[in-house]
$ cat start36.csv   # CSV, C-alpha atoms
chain,number,residue,atom,x,y,z
A,1,MET,CA,128.9,-52.3,-151.5
A,2,ALA,CA,129.7,-52.0,-147.9
A,3,ASP,CA,131.2,-54.8,-145.9
A,4,LEU,CA,128.5,-56.7,-144.0
A,5,PHE,CA,129.0,-58.7,-140.8
A,6,LYS,CA,126.7,-61.2,-139.1
A,7,LEU,CA,124.6,-59.7,-136.3
A,8,ARG,CA,122.7,-61.8,-133.8
A,9,ILE,CA,120.5,-60.4,-131.0
A,10,ILE,CA,119.4,-63.0,-128.6
A,11,THR,CA,117.1,-62.7,-125.6
A,12,PRO,CA,116.1,-65.4,-123.1
A,13,ASP,CA,112.7,-65.8,-124.8
A,14,ARG,CA,113.6,-65.6,-128.4
A,15,VAL,CA,116.0,-64.8,-131.2
A,16,PHE,CA,115.3,-61.1,-131.5
A,17,TYR,CA,117.2,-60.4,-134.7
A,18,GLU,CA,119.5,-62.4,-137.0
A,19,GLY,CA,120.9,-61.0,-140.2
A,20,GLU,CA,123.6,-59.2,-142.0
A,21,ALA,CA,124.3,-55.6,-141.0
A,22,GLU,CA,126.6,-52.9,-142.2
A,23,MET,CA,126.8,-51.1,-138.9
A,24,VAL,CA,125.3,-51.4,-135.4
A,25,GLU,CA,125.2,-48.7,-132.8
A,26,PHE,CA,124.3,-48.9,-129.1
A,27,ASN,CA,125.0,-47.5,-125.7
A,28,THR,CA,127.5,-49.1,-123.4
A,29,THR,CA,128.8,-48.4,-119.9
A,30,GLU,CA,131.7,-46.6,-121.5
A,31,GLY,CA,129.7,-44.5,-123.9
A,32,GLU,CA,128.0,-44.9,-127.3
A,33,ILE,CA,129.7,-47.0,-129.8
A,34,GLY,CA,129.2,-47.9,-133.5
A,35,ILE,CA,130.6,-51.1,-134.9
A,36,TYR,CA,131.7,-51.9,-138.5
A,37,LYS,CA,133.1,-55.1,-139.8
A,38,LYS,CA,136.6,-56.0,-138.7
A,39,HIS,CA,136.3,-54.5,-135.2
A,40,ILE,CA,138.8,-55.9,-132.7
A,41,PRO,CA,137.5,-58.6,-130.4
A,42,MET,CA,135.8,-56.9,-127.5
A,43,THR,CA,133.2,-57.5,-124.8
A,44,VAL,CA,131.1,-54.6,-123.7
A,45,ILE,CA,128.4,-54.2,-121.2
A,46,ILE,CA,125.2,-52.5,-122.3
A,47,LYS,CA,123.5,-49.5,-120.8
A,48,PRO,CA,119.9,-48.5,-121.6
A,49,GLY,CA,119.8,-46.7,-125.0
A,50,ILE,CA,118.8,-47.0,-128.6
A,51,LEU,CA,120.0,-49.7,-130.8
A,52,THR,CA,120.4,-48.8,-134.5
A,53,ILE,CA,121.0,-51.5,-137.0
A,54,THR,CA,122.1,-50.2,-140.5
A,55,GLU,CA,121.4,-52.9,-143.0
A,56,GLU,CA,122.2,-52.6,-146.7
A,57,SER,CA,118.9,-51.0,-147.6
A,58,GLU,CA,117.3,-49.8,-144.4
A,59,THR,CA,117.9,-49.0,-140.8
A,60,LYS,CA,116.1,-50.4,-137.9
A,61,THR,CA,115.9,-49.1,-134.3
A,62,ALA,CA,115.0,-50.8,-131.1
A,63,ALA,CA,115.2,-49.9,-127.4
A,64,LEU,CA,117.9,-52.0,-125.8
A,65,HIS,CA,118.0,-52.0,-122.0
A,66,ALA,CA,120.4,-54.5,-120.5
A,67,GLY,CA,122.8,-57.2,-121.5
A,68,PHE,CA,126.2,-57.5,-123.1
A,69,ALA,CA,127.7,-57.8,-126.5
A,70,GLU,CA,130.5,-59.9,-127.8
A,71,ILE,CA,132.2,-58.3,-130.7
A,72,LEU,CA,134.3,-60.3,-133.1
A,73,PRO,CA,135.8,-59.2,-136.4
A,74,ASP,CA,133.1,-60.8,-138.6
A,75,GLN,CA,130.3,-61.3,-136.1
A,76,VAL,CA,128.6,-59.5,-133.3
A,77,THR,CA,126.4,-61.2,-130.8
A,78,ILE,CA,124.2,-59.1,-128.5
A,79,MET,CA,122.9,-61.0,-125.5
A,80,ALA,CA,120.1,-58.8,-124.5
A,81,GLU,CA,118.1,-59.3,-121.3
A,82,ILE,CA,115.5,-56.7,-122.4
A,83,ILE,CA,115.0,-55.3,-125.8
A,84,GLU,CA,112.0,-54.1,-127.7
A,85,TRP,CA,111.0,-53.0,-131.2
A,86,PRO,CA,109.3,-49.6,-131.2
A,87,VAL,CA,105.9,-51.3,-131.9
A,88,GLU,CA,106.1,-53.2,-128.7
A,89,ILE,CA,106.5,-50.1,-126.5
A,90,ASP,CA,103.7,-48.6,-124.6
A,91,GLN,CA,104.3,-44.8,-124.8
A,92,ASP,CA,102.0,-43.8,-121.9
A,93,ARG,CA,103.6,-46.3,-119.6
A,94,ALA,CA,107.1,-45.1,-120.5
A,95,GLU,CA,106.1,-41.5,-119.9
A,96,GLN,CA,104.7,-42.4,-116.5
A,97,ALA,CA,107.8,-44.4,-115.6
A,98,LYS,CA,110.0,-41.4,-116.6
A,99,GLU,CA,108.0,-39.0,-114.3
A,100,ARG,CA,108.2,-41.5,-111.5
A,101,ALA,CA,111.9,-42.0,-111.8
A,102,GLU,CA,112.5,-38.2,-112.0
A,103,GLU,CA,110.4,-37.6,-109.0
A,104,ARG,CA,112.3,-40.2,-107.0
A,105,LEU,CA,115.6,-38.7,-108.0
A,106,GLN,CA,114.5,-35.2,-107.0
A,107,ASN,CA,113.1,-36.1,-103.6
A,108,LYS,CA,115.7,-38.5,-102.5
A,109,THR,CA,115.8,-39.9,-99.1
A,110,PRO,CA,118.5,-42.1,-97.6
A,111,GLU,CA,116.4,-45.1,-98.5
A,112,THR,CA,116.1,-44.2,-102.2
A,113,ASP,CA,117.9,-46.7,-104.4
A,114,ILE,CA,119.5,-44.1,-106.6
A,115,ALA,CA,121.1,-46.6,-109.0
A,116,ARG,CA,117.8,-48.2,-109.6
A,117,ALA,CA,116.0,-45.0,-110.2
A,118,GLU,CA,118.7,-43.8,-112.6
A,119,THR,CA,118.4,-47.0,-114.6
A,120,ALA,CA,114.7,-46.7,-114.7
A,121,LEU,CA,115.0,-43.2,-115.9
A,122,LEU,CA,117.4,-44.2,-118.6
A,123,ARG,CA,115.2,-47.0,-119.7
A,124,ALA,CA,112.1,-44.8,-119.9
A,125,MET,CA,114.1,-42.2,-121.9
A,126,ALA,CA,115.4,-44.8,-124.3
A,127,ARG,CA,111.8,-46.0,-124.9
A,128,ILE,CA,110.5,-42.5,-125.5
A,129,GLU,CA,113.4,-41.6,-127.8
A,130,VAL,CA,113.0,-44.7,-129.9
A,131,LEU,CA,109.4,-43.9,-130.6
A,132,LYS,CA,110.2,-40.5,-132.0
B,1,MET,CA,84.5,-115.2,-104.7
B,2,ALA,CA,83.5,-111.5,-104.2
B,3,SER,CA,79.9,-110.7,-104.8
B,4,MET,CA,78.7,-109.3,-108.1
B,5,ARG,CA,77.7,-106.0,-106.5
B,6,SER,CA,81.1,-105.3,-104.9
B,7,ILE,CA,82.9,-106.2,-108.2
B,8,LYS,CA,80.7,-103.8,-110.1
B,9,ARG,CA,81.3,-101.0,-107.6
B,10,ARG,CA,85.0,-101.5,-107.7
B,11,LYS,CA,85.0,-101.4,-111.5
B,12,GLY,CA,83.0,-98.2,-111.4
B,13,SER,CA,85.4,-96.5,-109.1
B,14,ILE,CA,88.4,-97.5,-111.2
B,15,GLN,CA,86.6,-96.3,-114.3
B,16,SER,CA,86.1,-92.9,-112.9
B,17,THR,CA,89.8,-92.7,-111.8
B,18,GLN,CA,90.8,-93.6,-115.3
B,19,GLN,CA,88.7,-90.8,-116.6
B,20,ILE,CA,90.6,-88.4,-114.4
B,21,THR,CA,94.0,-89.7,-115.3
B,22,LYS,CA,93.1,-89.6,-118.9
B,23,ALA,CA,92.1,-86.0,-118.7
B,24,MET,CA,95.2,-85.1,-116.7
B,25,LYS,CA,97.3,-86.7,-119.4
B,26,LEU,CA,95.7,-84.6,-122.1
B,27,VAL,CA,96.2,-81.5,-120.1
B,28,SER,CA,99.9,-82.2,-119.4
B,29,THR,CA,100.4,-83.1,-123.0
B,30,VAL,CA,99.2,-79.6,-124.1
B,31,LYS,CA,101.3,-78.0,-121.3
B,32,LEU,CA,104.3,-80.0,-122.3
B,33,GLN,CA,104.1,-78.8,-125.9
B,34,ARG,CA,104.0,-75.2,-124.7
B,35,ALA,CA,106.8,-75.6,-122.2
B,36,LYS,CA,108.9,-77.5,-124.7
B,37,GLY,CA,108.6,-74.7,-127.2
B,38,ARG,CA,109.7,-72.2,-124.6
B,39,ALA,CA,112.7,-74.3,-123.5
B,40,GLU,CA,113.8,-74.7,-127.1
B,41,LYS,CA,113.4,-71.0,-127.9
B,42,SER,CA,115.5,-70.0,-124.9
B,43,LYS,CA,118.1,-72.6,-125.5
B,44,SER,CA,120.2,-70.6,-128.0
B,45,TYR,CA,120.5,-67.8,-125.4
B,46,PHE,CA,122.0,-70.1,-122.8
B,47,GLU,CA,124.3,-71.9,-125.2
B,48,CYS,CA,125.5,-68.5,-126.3
B,49,MET,CA,125.8,-67.3,-122.8
B,50,TYR,CA,127.7,-70.4,-121.7
B,51,ALA,CA,130.1,-70.2,-124.7
B,52,THR,CA,130.7,-66.5,-124.2
B,53,VAL,CA,131.4,-66.7,-120.5
B,54,LYS,CA,133.7,-69.7,-121.0
B,55,SER,CA,135.6,-68.0,-123.8
B,56,VAL,CA,135.8,-64.8,-121.9
B,57,LEU,CA,137.3,-66.7,-119.0
B,58,ALA,CA,139.7,-68.6,-121.2
B,59,LYS,CA,140.9,-65.6,-123.1
B,60,SER,CA,141.4,-63.4,-120.1
B,61,GLY,CA,143.9,-65.8,-118.6
B,62,ASN,CA,144.4,-66.3,-114.9
B,63,ILE,CA,142.5,-63.7,-113.1
B,64,GLU,CA,141.7,-63.5,-109.4
B,65,HIS,CA,138.1,-62.8,-108.8
B,66,PRO,CA,135.8,-63.5,-105.8
B,67,TYR,CA,133.3,-65.2,-108.1
B,68,LEU,CA,135.9,-67.7,-109.2
B,69,LYS,CA,136.7,-69.1,-105.8
B,70,SER,CA,134.6,-70.4,-102.9
B,71,GLY,CA,133.6,-68.0,-100.2
B,72,SER,CA,134.9,-68.4,-96.6
B,73,SER,CA,131.5,-69.7,-95.4
B,74,LYS,CA,131.0,-73.5,-95.2
B,75,LYS,CA,127.3,-73.1,-96.1
B,76,LYS,CA,126.2,-74.2,-99.5
B,77,ALA,CA,123.1,-72.7,-101.1
B,78,VAL,CA,121.1,-75.1,-103.2
B,79,ILE,CA,118.4,-73.9,-105.5
B,80,VAL,CA,115.9,-76.7,-105.7
B,81,ILE,CA,113.5,-76.6,-108.6
B,82,THR,CA,110.5,-78.9,-108.1
B,83,SER,CA,106.8,-78.6,-108.9
B,84,ASN,CA,104.0,-77.2,-106.9
B,85,ARG,CA,101.8,-80.2,-107.8
B,86,GLY,CA,102.2,-83.9,-107.4
B,87,LEU,CA,101.1,-86.8,-109.5
B,88,ALA,CA,104.2,-86.6,-111.6
B,89,GLY,CA,105.7,-89.9,-110.9
B,90,GLY,CA,109.3,-89.8,-109.6
B,91,TYR,CA,109.8,-86.2,-110.8
B,92,ASN,CA,110.0,-84.4,-107.4
B,93,SER,CA,111.6,-87.2,-105.4
B,94,ASN,CA,114.4,-87.6,-108.0
B,95,VAL,CA,115.4,-84.0,-107.5
B,96,ILE,CA,115.2,-84.2,-103.8
B,97,LYS,CA,117.3,-87.3,-103.8
B,98,LEU,CA,120.1,-85.3,-105.4
B,99,ILE,CA,120.3,-83.4,-102.1
B,100,THR,CA,119.5,-86.0,-99.5
B,101,LYS,CA,121.6,-88.8,-101.1
B,102,GLY,CA,124.4,-86.6,-102.4
B,103,ASP,CA,127.4,-85.6,-100.5
B,104,PHE,CA,125.9,-82.6,-98.8
B,105,HIS,CA,125.8,-82.3,-95.0
B,106,LYS,CA,122.4,-81.4,-93.7
B,107,GLU,CA,123.8,-78.7,-91.5
B,108,ASP,CA,125.7,-77.0,-94.3
B,109,VAL,CA,122.9,-76.7,-96.8
B,110,VAL,CA,120.7,-73.7,-97.2
B,111,VAL,CA,117.8,-74.5,-99.5
B,112,TYR,CA,116.4,-71.9,-101.9
B,113,ALA,CA,113.2,-73.5,-103.0
B,114,ILE,CA,111.4,-73.0,-106.3
B,115,GLY,CA,108.4,-75.3,-106.0
B,116,SER,CA,106.5,-76.2,-102.9
B,117,LYS,CA,106.9,-80.0,-103.1
B,118,GLY,CA,110.7,-79.7,-102.6
B,119,ARG,CA,110.3,-77.0,-100.0
B,120,ASP,CA,107.8,-79.0,-97.9
B,121,TYR,CA,109.8,-82.2,-98.0
B,122,LEU,CA,113.2,-80.6,-97.2
B,123,SER,CA,111.9,-78.4,-94.4
B,124,ARG,CA,110.1,-81.4,-92.9
B,125,HIS,CA,113.4,-83.2,-92.9
B,126,GLY,CA,115.2,-80.5,-91.0
B,127,TYR,CA,116.9,-78.6,-93.9
B,128,GLN,CA,117.3,-74.8,-93.5
B,129,ILE,CA,115.2,-72.9,-96.0
B,130,GLY,CA,116.8,-69.7,-97.1
B,131,GLY,CA,114.2,-68.5,-99.5
B,132,ASP,CA,111.0,-69.6,-101.1
B,133,TYR,CA,110.1,-68.7,-104.6
B,134,SER,CA,107.5,-71.4,-105.2
B,135,ASP,CA,105.0,-69.1,-106.9
B,136,VAL,CA,107.2,-68.4,-109.9
B,137,ILE,CA,107.4,-72.0,-111.2
B,138,GLU,CA,103.9,-71.8,-112.7
B,139,GLU,CA,104.9,-69.3,-115.3
B,140,PRO,CA,108.7,-68.6,-115.2
B,141,ILE,CA,109.7,-65.3,-116.6
B,142,TYR,CA,113.2,-63.9,-116.8
B,143,ALA,CA,112.6,-61.2,-114.2
B,144,ASP,CA,112.0,-63.9,-111.6
B,145,SER,CA,115.3,-65.5,-112.1
B,146,MET,CA,116.9,-62.0,-111.9
B,147,ARG,CA,115.3,-61.6,-108.4
B,148,ILE,CA,116.5,-65.0,-107.3
B,149,SER,CA,120.1,-64.5,-108.5
B,150,ASP,CA,120.2,-61.0,-106.9
B,151,ASP,CA,119.2,-62.5,-103.5
B,152,LEU,CA,121.8,-65.3,-103.8
B,153,LEU,CA,124.6,-63.1,-104.9
B,154,LYS,CA,123.9,-60.7,-102.1
B,155,ALA,CA,124.1,-63.6,-99.6
B,156,PHE,CA,127.3,-64.7,-101.3
B,157,ALA,CA,128.9,-61.2,-101.2
B,158,GLU,CA,128.0,-60.9,-97.5
B,159,GLY,CA,129.7,-64.2,-96.8
B,160,GLU,CA,126.5,-66.0,-95.6
B,161,ILE,CA,127.1,-68.7,-98.2
B,162,GLY,CA,130.3,-70.1,-99.8
B,163,GLU,CA,129.0,-72.0,-102.8
B,164,ILE,CA,125.8,-72.0,-104.9
B,165,TYR,CA,124.3,-75.1,-106.6
B,166,LEU,CA,121.3,-75.6,-108.8
B,167,ALA,CA,119.3,-78.8,-108.6
B,168,TYR,CA,116.8,-79.3,-111.4
B,169,THR,CA,115.6,-81.7,-114.0
B,170,ALA,CA,117.2,-81.3,-117.4
B,171,PHE,CA,114.9,-81.9,-120.3
B,172,LYS,CA,116.5,-84.0,-122.9
B,173,ASN,CA,113.4,-85.0,-124.8
B,174,THR,CA,109.8,-85.9,-124.1
B,175,VAL,CA,110.6,-89.2,-122.5
B,176,SER,CA,114.0,-88.6,-120.9
B,177,HIS,CA,114.5,-86.1,-118.1
B,178,ILE,CA,117.6,-86.1,-116.1
B,179,PRO,CA,117.9,-84.8,-112.5
B,180,THR,CA,120.9,-82.6,-112.6
B,181,LEU,CA,123.1,-80.9,-109.9
B,182,LEU,CA,124.9,-77.9,-111.3
B,183,LYS,CA,127.6,-75.8,-109.6
B,184,LEU,CA,126.9,-72.1,-110.2
B,185,LEU,CA,129.4,-70.4,-108.0
B,186,PRO,CA,132.3,-70.4,-107.9
B,187,VAL,CA,132.4,-70.7,-111.6
B,188,ASP,CA,134.1,-73.8,-112.7
B,189,THR,CA,137.3,-72.8,-114.5
B,190,ASP,CA,138.3,-76.4,-115.2
B,191,GLY,CA,137.8,-77.6,-118.7
B,192,ILE,CA,137.8,-74.2,-120.3
B,193,GLU,CA,141.3,-74.8,-121.6
B,194,ASP,CA,139.8,-76.8,-124.5
B,195,VAL,CA,137.9,-73.9,-125.9
B,196,ASP,CA,138.8,-74.4,-129.6
B,197,GLY,CA,139.3,-71.8,-132.3
B,198,ASP,CA,141.0,-68.4,-132.2
B,199,LYS,CA,142.9,-67.5,-129.1
B,200,ALA,CA,142.8,-63.9,-130.0
B,201,LEU,CA,142.8,-62.0,-126.8
B,202,MET,CA,139.5,-60.6,-125.8
B,203,ASN,CA,139.5,-56.9,-125.0
B,204,PHE,CA,137.3,-55.3,-122.4
B,205,GLU,CA,136.4,-51.7,-122.3
B,206,GLN,CA,136.5,-51.8,-118.6
B,207,ASP,CA,139.0,-53.9,-116.7
B,208,GLU,CA,138.4,-57.6,-116.6
B,209,GLU,CA,137.4,-57.7,-113.0
B,210,GLU,CA,134.7,-55.2,-113.5
B,211,ALA,CA,133.5,-57.0,-116.6
B,212,LEU,CA,133.3,-60.3,-114.8
B,213,ASN,CA,131.4,-58.5,-112.0
B,214,MET,CA,128.7,-57.7,-114.6
B,215,LEU,CA,128.9,-60.9,-116.7
B,216,ILE,CA,128.8,-63.5,-114.0
B,217,PRO,CA,125.5,-62.4,-112.4
B,218,LYS,CA,124.0,-62.4,-115.9
B,219,TYR,CA,125.4,-65.9,-116.4
B,220,ILE,CA,123.9,-67.2,-113.2
B,221,THR,CA,120.6,-65.5,-113.9
B,222,SER,CA,120.4,-67.2,-117.3
B,223,LEU,CA,121.3,-70.6,-115.8
B,224,ILE,CA,118.6,-70.3,-113.2
B,225,TYR,CA,116.1,-69.2,-115.9
B,226,GLY,CA,117.2,-72.1,-118.1
B,227,GLY,CA,116.8,-74.5,-115.2
B,228,MET,CA,113.2,-73.2,-114.6
B,229,VAL,CA,112.0,-73.6,-118.1
B,230,GLU,CA,113.6,-77.0,-118.5
B,231,ALA,CA,112.1,-78.1,-115.2
B,232,VAL,CA,108.6,-77.0,-116.2
B,233,ALA,CA,109.0,-79.0,-119.4
B,234,SER,CA,110.3,-82.0,-117.5
B,235,GLU,CA,107.5,-81.8,-115.0
B,236,ASN,CA,104.8,-81.9,-117.6
B,237,GLY,CA,106.6,-84.7,-119.4
B,238,ALA,CA,106.9,-86.7,-116.2
B,239,ARG,CA,103.3,-86.1,-115.4
B,240,MET,CA,102.2,-87.1,-118.9
B,241,GLN,CA,104.1,-90.4,-118.6
B,242,ALA,CA,102.8,-91.1,-115.1
B,243,MET,CA,99.3,-90.5,-116.1
B,244,ASP,CA,99.7,-92.5,-119.3
B,245,SER,CA,100.8,-95.6,-117.3
B,246,ALA,CA,98.1,-95.0,-114.7
B,247,THR,CA,95.5,-95.0,-117.5
B,248,SER,CA,96.8,-98.2,-119.0
B,249,ASN,CA,97.0,-99.8,-115.5
B,250,ALA,CA,93.4,-98.9,-114.9
B,251,GLU,CA,92.5,-100.3,-118.3
B,252,GLU,CA,94.1,-103.6,-117.3
B,253,MET,CA,92.3,-103.7,-113.9
B,254,ILE,CA,89.0,-103.0,-115.5
B,255,GLU,CA,89.5,-105.9,-118.0
B,256,LYS,CA,90.4,-108.2,-115.1
B,257,LEU,CA,87.4,-107.1,-113.1
B,258,SER,CA,85.0,-107.5,-116.1
B,259,LEU,CA,86.2,-111.0,-116.5
B,260,GLN,CA,85.6,-111.7,-112.8
B,261,TYR,CA,82.2,-110.0,-112.9
B,262,ASN,CA,81.1,-112.1,-115.9
B,263,ARG,CA,82.3,-115.2,-114.3
B,264,ALA,CA,80.4,-114.4,-111.1
B,265,ARG,CA,77.2,-113.6,-113.2
B,266,GLN,CA,77.5,-116.9,-115.1
B,267,GLY,CA,78.1,-118.7,-111.8
B,268,SER,CA,75.0,-117.3,-110.3
B,269,ILE,CA,72.8,-118.2,-113.3
B,270,THR,CA,74.1,-121.7,-113.3
B,271,GLN,CA,73.4,-122.0,-109.6
B,272,GLU,CA,69.9,-120.7,-110.0
B,273,LEU,CA,69.2,-123.2,-112.9
B,274,THR,CA,70.5,-126.2,-110.9
B,275,GLU,CA,68.3,-125.1,-108.0
B,276,ILE,CA,65.2,-124.9,-110.2
B,277,ILE,CA,65.9,-128.2,-111.8
B,278,ALA,CA,66.6,-129.9,-108.5
B,279,GLY,CA,63.3,-128.4,-107.2
B,280,ALA,CA,61.4,-129.6,-110.2
B,281,GLU,CA,62.8,-133.1,-109.9
B,282,ALA,CA,61.9,-133.3,-106.3
B,283,ILE,CA,58.3,-132.5,-107.1
B,284,SER,CA,57.8,-135.0,-109.9

$ encode --input "start36.csv" --output "structure tokens"
Amino acid sequence: MADLFKLRIITPDRVFYEGEAEMVEFNTTEGEIGIYKKHIPMTVIIKPGILTITEESETKTAALHAGFAEILPDQVTIMAEIIEWPVEIDQDRAEQAKERAEERLQNKTPETDIARAETALLRAMARIEVLK
Amino acid sequence: MASMRSIKRRKGSIQSTQQITKAMKLVSTVKLQRAKGRAEKSKSYFECMYATVKSVLAKSGNIEHPYLKSGSSKKKAVIVITSNRGLAGGYNSNVIKLITKGDFHKEDVVVYAIGSKGRDYLSRHGYQIGGDYSDVIEEPIYADSMRISDDLLKAFAEGEIGEIYLAYTAFKNTVSHIPTLLKLLPVDTDGIEDVDGDKALMNFEQDEEEALNMLIPKYITSLIYGGMVEAVASENGARMQAMDSATSNAEEMIEKLSLQYNRARQGSITQELTEIIAGAEAIS
């Protein structure tokens, strides 16, 4: 049996997930990481991407958009500002948002908020990806 | 003694007021239940956020960071969370008192108002209003507090304001709400020494300064959001209490007036009888 650690995902509105996990993967500002038990203590900032929770018997995915994670050897706490299960995502809206963000990045003007458009694009892509 | 008709009219008007206060009490009870649920649900996030930021600060030792010391400006931004509606007893004035009675100088304060009651009062009394977000208090969502903290941090970074405070009403339980003034920026590093448990050094993927750059805005946003949901719960709790006592006061007044009315009625009957008897005796 694999080693399990305690995983908690908390959002401002609810406790999104609480349970024992074997591995959790997500996207951070420094790249994608996967965490097993006995990781060194670390705090990472989250970038839009897919969150994969590997439990003993099944894996769960969700679209994780913003927040940070506190990693301790036997416990991981993800403070998520925005996170959604696949069932909560509206695919059409995500597709539209993706097109809008791409369009904004292509026809940039000095007023375009590039950072914002890029985050929007990443978010939309994470949403679409997690639905697949 | 007042005439029977005027007593009756007065009683009627109090009765209809009582009906209104009773209805308002019921409405705010329902709203309180909902707001309480939300405040409780979000509590774990703030507790976690608070603990994390404190432990990150404690474990990363003495670091120099603009968010950890006051800005050069003397101006102090105060986010004032009040309600948009009145009839909530001392709820709004208690929050306002934190600013007017505290050790703030009127000239140094920039008010960021959430809730029109606080905004109107403070602007009438000559405080500078830096921003108005009164529409968000009806149904606070996390994105609102993100917008507010973005605005404030921008002003802080540009040196317009040197410190940021939050004035709101903390919700302890249904009957006790405590007006609270909280310092958001610079982050208080006092008292983080007593963080118990492992002193294992926290690692950051990016350097600490960058990490704090990301963490502290999130910390502030979550505190503002927490302030809003607690304030909504407190507002409804305060209104429920105010309406409850208004209803029972009305009850008392109605009782007193009924007594007076009955006495006046009895008095007029007695008087009529004596007049009739006196008239009959005069004839015989």

$ interface_residues --input "start36.csv" --of "chain A" --to "chain B" --cutoff "9 Å" --atoms "only C-alpha atoms" --output "ChimeraX atom specification"
/A:10-15,29-30,40-45,67-68,70,72,77,79,81

$ residues_around --input "start36.csv" --residues "B:Lys31" --least-positions-apart "2" --cutoff "9 Å" --atoms "all atoms listed in the file" --output "PyMOL selection string"
chain B and resi 26-29+33-36+232-233+236-237

$ atom_distance --input "start36.csv" --atom1 "atom CA of B:Ile283" --atom2 "atom CA of B:Gln266"
26.0 Å

$ residues_around --input "start36.csv" --residues "B:Ile99" --least-positions-apart "2" --cutoff "10 Å" --atoms "all atoms listed in the file" --output "ChimeraX atom specification"
/B:78,80,94-97,101-106,109,111,122,167,181

$ residues_around --input "start36.csv" --residues "B:Glu139" --least-positions-apart "3" --cutoff "9 Å" --atoms "only C-alpha atoms" --output "PDB file with C-alpha atoms, keeping the file's coordinate frame"
ATOM      1  CA  ASP B 135     105.000 -69.100-106.900  1.00  0.00           C
ATOM      2  CA  VAL B 136     107.200 -68.400-109.900  1.00  0.00           C
ATOM      3  CA  VAL B 229     112.000 -73.600-118.100  1.00  0.00           C
ATOM      4  CA  VAL B 232     108.600 -77.000-116.200  1.00  0.00           C
TER       5      VAL B 232
END

$ atom_distance --input "start36.csv" --atom1 "atom CA of B:Gly130" --atom2 "atom CA of B:Phe156"
12.4 Å

$ residues_around --input "start36.csv" --residues "stretch 50-53 of chain A" --least-positions-apart "4" --cutoff "10 Å" --atoms "all atoms listed in the file" --output "NGL selection string"
:A and (7 or 17 or 20-27 or 32 or 34-35 or 58-65 or 83-85 or 123 or 125-130)

$ residues_around --input "start36.csv" --residues "A:Leu105" --least-positions-apart "6" --cutoff "10 Å" --atoms "only C-alpha atoms" --output "PyMOL selection string"
chain A and resi 99+112-118+121

$ write_last_selection --input "start36.csv" --atoms "C-alpha atoms" --output "compact mmCIF listing (two decimals), in the coordinates of the input"
# COMPACT_ATOMS: atom_id res chain seq x y z
CA GLU A 99 108.00 -39.00 -114.30
CA THR A 112 116.10 -44.20 -102.20
CA ASP A 113 117.90 -46.70 -104.40
CA ILE A 114 119.50 -44.10 -106.60
CA ALA A 115 121.10 -46.60 -109.00
CA ARG A 116 117.80 -48.20 -109.60
CA ALA A 117 116.00 -45.00 -110.20
CA GLU A 118 118.70 -43.80 -112.60
CA LEU A 121 115.00 -43.20 -115.90

$ atom_distance --input "start36.csv" --atom1 "atom CA of B:Gly126" --atom2 "atom CA of B:Val110"
10.7 Å

$ closest_residue --input "start36.csv" --among "B:Ala51, B:Ile254, B:Ala282, B:Ile216" --to "B:His65" --atoms "only C-alpha atoms"
B:Ile216
